[in-house]
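Chemist: Okay, here's the structure, questions in a sec.
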Amino acid sequence: MTRTVITYGTFDMFHIGHLNLLRRLSELGDRLVVAVSTDEFNAGKGKRTLIPFEQRAEIVRNIRYVDEVIPESSWDQKVVDVQRYQVNTFAMGDDWAGEFDFLSAYCEVVYLPRTEGVSTTELKRSLSRFCNVSREDILRAFDVIEQLRKDFG
Ligand code: C2G
C-alpha cells in the first residue's frame with residue numbers, strides 16, 4: 001500500500017533547509033506531495049516572495065524527492081487535500097509545531113527539526129548587504145587589486 005506524505009510551504013529562494021526537509025519527508029513514505037503557496041496566499045500570510053509561484057512550483061516539482069506539486073491557496077485546504085490524496089502523514093518543519101495537530105484526526109502529524117542557520121529571510125538580508133556595497137568601495141577595491149598587480153606582477 002502506497003504511503004503518501006504531504007507538506008506545505010512557500011519554498012522561496014529554494015535553499016538547503018528546504019532540500020533537507022523534502023529529503024527527510026521522502027523517507028517517511030513512498031509518495032511525497034508538496035503544496036506550494038501561491039503568491040496570493042502568501043500575500044495573505046503577509047509574506048512577499050521574491051520568486052513567483054510558477055517558478056517556485058517548477059523548482060520543487062523537479063526535486064528528485066518530490067512526486068507531485070499542488071498549489072496552496074488557502075489555510076483551509078489541508079483536510080480536503082489529506083482526504084483527496086489519501087495522505088498517511090502530514091509533515092512540516094518544527095517552526096510549525098502544534099499548529100496543525102487537528103489533522104491527527106485524519107492522518108499522522110509529524111514536525112521535523114528545521115535546518116539551523118539558513119532561512120529565506122536571512123538570505124534576503126545577506127543579499128541586500130551584498131548589494132549595498134558602495135560604488136566607492138568597489139572602485140577602492142579595484143585600486144588595491146591594481147596596486148597589488150603592480151607590486152607583485
Ligand atoms: N524549513 C526548514 N528549515 C529551514 C527553513 C525552512 O526545515 N531552515 C521548512 C519549514 O519548516 C517548512 C518548509 O521548510 O516546513 C517550507 O518553509 P517556508 O517556505 O518558509 O514555508 P512557510 O512560509 O512556513 O509556509 O500552510 C503552511 C505554510 O504554507 C508554510
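Each chain of the C-alpha cells is named A, B, ... in the order shown, its residues numbered from 1; ligands are numbered from 1 in display order.
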Ligand 1: which residues are within 9 Å, counting only C-alpha atoms and all ligand atoms, as a PyMOL selection string?
Modeler: chain A and resi 7-22+35-38+41-42+45+47+72-76+78+91-97+100+111-121
Chemist: For A:Tyr65, work out the shell of residues within 8 Å, counting only C-alpha atoms and skipping chain neighbours fewer than 3 positions away, then give it as a PyMOL selection string.
Modeler: chain A and resi 22-23+26+32
Chemist: Considering only C-alpha atoms, return as a ChimeraX atom specification whatever protein or nucleic-acid residues lie within 10 Å of A:Arg61, sequence-local ones (same chain, fewer than 4 positions apart) excluded.
Modeler: /A:33-34,36,55-57,65-70
Chemist: If you run DSSP on the backbone, which residues of stretch 47-94 of chain A are strand (DSSP E or B), as a VMD selection string?
Modeler: chain A and resid 68 to 72 89 to 93
Chemist: Only all heavy atoms, please: the residues just picked out, written as a compact mmCIF listing (two decimals), in the first residue's frame.
Modeler:
# COMPACT_ATOMS: atom_id res chain seq x y z
N GLU A 68 4.67 15.01 -6.49
CA GLU A 68 3.59 15.83 -7.05
C GLU A 68 3.58 17.20 -6.37
O GLU A 68 3.88 17.30 -5.16
CB GLU A 68 2.25 15.13 -6.81
CG GLU A 68 1.08 15.82 -7.46
CD GLU A 68 -0.16 14.91 -7.58
OE1 GLU A 68 -0.06 13.72 -7.21
OE2 GLU A 68 -1.19 15.41 -8.03
N VAL A 69 3.27 18.23 -7.14
CA VAL A 69 3.16 19.59 -6.59
C VAL A 69 1.74 20.10 -6.85
O VAL A 69 1.21 19.95 -7.95
CB VAL A 69 4.19 20.53 -7.25
CG1 VAL A 69 3.91 21.98 -6.86
CG2 VAL A 69 5.60 20.14 -6.80
N ILE A 70 1.15 20.65 -5.78
CA ILE A 70 -0.18 21.26 -5.93
C ILE A 70 -0.09 22.68 -5.36
O ILE A 70 0.81 22.97 -4.56
CB ILE A 70 -1.25 20.44 -5.16
CG1 ILE A 70 -0.95 20.37 -3.66
CG2 ILE A 70 -1.40 19.05 -5.76
CD1 ILE A 70 -2.05 19.70 -2.83
N PRO A 71 -1.01 23.57 -5.74
CA PRO A 71 -0.97 24.92 -5.18
C PRO A 71 -1.58 24.95 -3.78
O PRO A 71 -2.55 24.21 -3.50
CB PRO A 71 -1.82 25.74 -6.15
CG PRO A 71 -2.69 24.76 -6.84
CD PRO A 71 -2.01 23.43 -6.82
N GLU A 72 -1.00 25.75 -2.91
CA GLU A 72 -1.63 26.03 -1.62
C GLU A 72 -2.22 27.43 -1.73
O GLU A 72 -1.49 28.41 -1.84
CB GLU A 72 -0.63 25.98 -0.47
CG GLU A 72 -1.28 26.34 0.86
CD GLU A 72 -0.32 26.47 2.02
OE1 GLU A 72 0.86 26.82 1.82
OE2 GLU A 72 -0.76 26.21 3.14
N THR A 89 0.68 10.69 6.12
CA THR A 89 1.46 11.54 7.03
C THR A 89 1.48 12.98 6.53
O THR A 89 1.83 13.23 5.38
CB THR A 89 2.92 11.02 7.10
OG1 THR A 89 2.91 9.65 7.50
CG2 THR A 89 3.75 11.83 8.10
N PHE A 90 1.10 13.89 7.43
CA PHE A 90 1.26 15.33 7.19
C PHE A 90 2.51 15.73 7.95
O PHE A 90 2.65 15.39 9.14
CB PHE A 90 0.05 16.10 7.71
CG PHE A 90 0.27 17.58 7.82
CD1 PHE A 90 -0.05 18.43 6.77
CD2 PHE A 90 0.81 18.14 8.97
CE1 PHE A 90 0.17 19.80 6.87
CE2 PHE A 90 1.04 19.52 9.08
CZ PHE A 90 0.71 20.34 8.02
N ALA A 91 3.43 16.44 7.30
CA ALA A 91 4.69 16.78 8.00
C ALA A 91 5.14 18.19 7.61
O ALA A 91 4.96 18.62 6.48
CB ALA A 91 5.77 15.78 7.64
N MET A 92 5.71 18.87 8.61
CA MET A 92 6.24 20.23 8.42
C MET A 92 7.49 20.36 9.26
O MET A 92 7.77 19.55 10.15
CB MET A 92 5.23 21.26 8.94
CG MET A 92 3.90 21.31 8.27
SD MET A 92 4.00 22.05 6.65
CE MET A 92 4.39 23.73 7.10
N GLY A 93 8.23 21.45 9.01
CA GLY A 93 9.35 21.78 9.90
C GLY A 93 8.77 22.21 11.25
O GLY A 93 7.64 22.69 11.35
Chemist: What's the separation between atom CA of A:Val109 and atom CA of A:Asn88, in Å to one decimal place?
Modeler: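 Value for the atom CA of A:Val109-atom CA of A:Asn88 distance: 8.8 Å.
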Chemist: A:Leu50, A:Glu99, A:Asp39, A:Tyr106: which is nearest A:Arg84, counting only C-alpha atoms?
Modeler: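 Looking at the shortest contact to A:Arg84, the residue is A:Tyr106.
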Chemist: Using DSSP on the backbone, list every residue of stretch 24-147 of chain A that comes out as helix (DSSP H, G or I), and give them as JSON, numbers by chain.
Modeler: {"A": [24, 25, 26, 39, 40, 41, 42, 43, 44, 45, 53, 54, 55, 56, 57, 58, 59, 60, 61, 75, 76, 77, 78, 79, 80, 81, 82, 83, 84, 94, 95, 96, 101, 102, 103, 104, 105, 120, 121, 122, 123, 124, 125, 126, 127, 128, 129, 130, 131, 135, 136, 137, 138, 139, 140, 141, 142, 143, 144, 145, 146, 147]}
Chemist: Enter the distance from atom CA of A:Ser128 to atom CA of A:Pro52, in Å, rounded to one decimal.
Modeler: 18.9 Å
